[in-house]
Protein chains: 2
Amino acid sequence: MIETGAEPESRAERKLRTRRAILDATLELSTDSSLTALSLRQVAKQVGIVPTAFYRHFDSIESLGLALVEESFDSLRDLLRDVRRNAQADKDVVDGSIDALVDHVHRRRDHFGFIARERVAGPPSVREAIRREIELCERELATDLALMTGTDTWTGTDLRVLSSLFVTVLVATAEQILSTTRPEQEQQIVAAVRTQLRMLLVGVYQWQSER
Amino acid sequence: MIETGAEPESRAERKLRTRRAILDATLELSTDSSLTALSLRQVAKQVGIVPTAFYRHFDSIESLGLALVEESFDSLRDLLRDVRRNAQADKDVVDGSIDALVDHVHRRRDHFGFIARERVAGPPSVREAIRREIELCERELATDLALMTGTDTWTGTDLRVLSSLFVTVLVATAEQILSTTRPEQEQQIVAAVRTQLRMLLVGVYQWQSER
DNA sequence: CCTTTCAGTGAACATCTGTACACCCACAAC
DNA sequence: GTTGTGGGTGTACAGATGTTCACTGAAAGG
């Protein structure tokens with residue numbers, strides 16, 4: 001099985017290719033429903049291997065899920081990196097961040113959809129892994145926010161709290177973008193989140209941490 | 001089957017009781033995983049009826065899900081009603097709303113958990129139903145916000161956008177509360193969302209809609 | 001060249017799945 | 001008091017599920 005495109009492959013290369021195929025098939029099959037509703041046999045059929053071959057790569061759907069968490073958060077960290085880069089450049093913080101968000105969500109619909117779904121509906125271990133990763137992102141973002149103008153007198157707690165709110169809005173926006181295919185509706189979503197972030201920023205510039 | 005507690009029941013009462021039992025069993029069984037991963041037979045076993053009896057009440061897990069959406073949003077609307085009442089009373093808007101949120105989420109863990117999960121991971125029709133209900137809530141909240149001091153000059157769009165942000169934060173907070181059992185962590189979550197809403201409100205009071 | 005390794009095969013299993021069908025019998029209606 | 005309705009039962013079936021086991025054959029390694 002697995003279309004080998006005439007070129008010879010080493011054993012390691014081929015194994016990696018099958019692994020990739022399993023990961024991709026899982027992302028595709030779980031787009032509606034969830035990992036918990038996905039069977040090993042469905043995945044195998046989609047990949048084009050026999051069910052038992054699955055075990056050569058993962059020992060359960062759950063551990064497959066954990067691998068997908070890592071992969072998906074690579075995408076999310078790519079996004080954060082772009083947000084940071086846009087913020088350091090001359091661009092407007094809000095517009096730059098939203099541009100990056102929209103761009104990355106489009107490029108990796110599968111990964112962002114995976115995180116959004118399994119975050120609340122995945123197997124317990126997967127949910128936990130995602131929660132941990134999100135917390136790392138919040139921490140990371142908090143250190144960036146400390147460098148913003150206006151937050152120099154803030155407490156660490158307030159920085160974390162604001163960071164958490166940003167991530168919440170980010171995740172919610174990604175979910176909304178994913179749930180539509182109509183471009184005009186997407187523009188509406190983008191316009192809304194633009195306003196939301198601006199309202200929030202007005203508050204942030206006025207904010208004084210209680211000490 | 002179904003423990004009849006000595007008291008005689010009319011046919012209609014009994015049917016209603018079984019229906020309730022099915023709804024409750026489904027809420028309980030889907031707490032980890034999701035509707036899409038739930039089988040008719042699991043539900044039947046939990047209720048204590050034979051699988052085929054399920055069809056006397058619902059013709060699929062999906063239509064069962066739609067019934068649960070209605071029921072769950074009754075709980076959510078109860079919450080919104082309390083938020084409104086607290087806001088009209090002398091209480092602080094932020095604290096009053098958070099109190100109501102925590103209270104209702106505790107009282108109907110099952111319903112709020114159901115919405116949070118199936119919103120992103122449920123069968124397509126269920127997802128759509130939830131999305132529609134949430135939009136109704138946003139609309140409802142927007143009309144309330146119009147009565148707040150400071151929003152009298154706002155455009156309708158801005159009111160809707162702010163309302164949408166509040167609902168996003170509300171949903172995210174409910175999810176966080178649901179994902180912990182440790183009271184000290186819950187207090188931390190509550191404190192965080194308190195600060196988040198205060199930051200946001202500072203921005204709201206300064207906001208001028210562009211016309 | 002001969003041996004080892006190992007990704008993928010194929011058959012077999014016990015269990016679970018949704019759904020069809022014929023049946024039962026307490027309650028409701030006349 | 002007879003009849004009928006309708007929630008519930010039990011059996012049955014074809015198909016899907018996770019996992020086991022012994023296997024193949026080609027690449028890797030000596």
# chains A, B, ... in the order shown; residues from 1 in each chain; ligands from 1
$ interface_residues --of "chain C" --to "chain B" --cutoff "8 Å" --atoms "only C-alpha atoms (C1' of nucleotides)" --output "PyMOL selection string"
chain C and resi 17-18+27
$ select_by_dssp --residues "chain A" --states "alpha helix (DSSP H)" --output "VMD selection string"
chain A and resid 11 to 29 40 to 47 61 to 88 93 to 107 109 to 121 124 to 145 156 to 178 183 to 206
$ interface_residues --of "chain D" --to "chain A" --cutoff "12 Å" --atoms "only C-alpha atoms (C1' of nucleotides)" --output "PyMOL selection string"
chain D and resi 16-21+26-28
$ residues_around --residues "segment 2-15 of chain D" --least-positions-apart "2" --cutoff "12 Å" --atoms "only C-alpha atoms (C1' of nucleotides)" --output "PyMOL selection string"
(chain B and resi 1-2+10-19+48-57) or (chain C and resi 16-30) or (chain D and resi 17)
$ atom_distance --atom1 "atom CA of Gly96 of chain B" --atom2 "atom CA of Ala191 of chain B"
13.1 Å
$ atom_distance --atom1 "atom CA of Ala87 of chain A" --atom2 "atom CA of His106 of chain A"
20.5 Å
$ interface_residues --of "chain B" --to "chain A" --cutoff "8 Å" --atoms "only C-alpha atoms" --output "count of residues only"
33
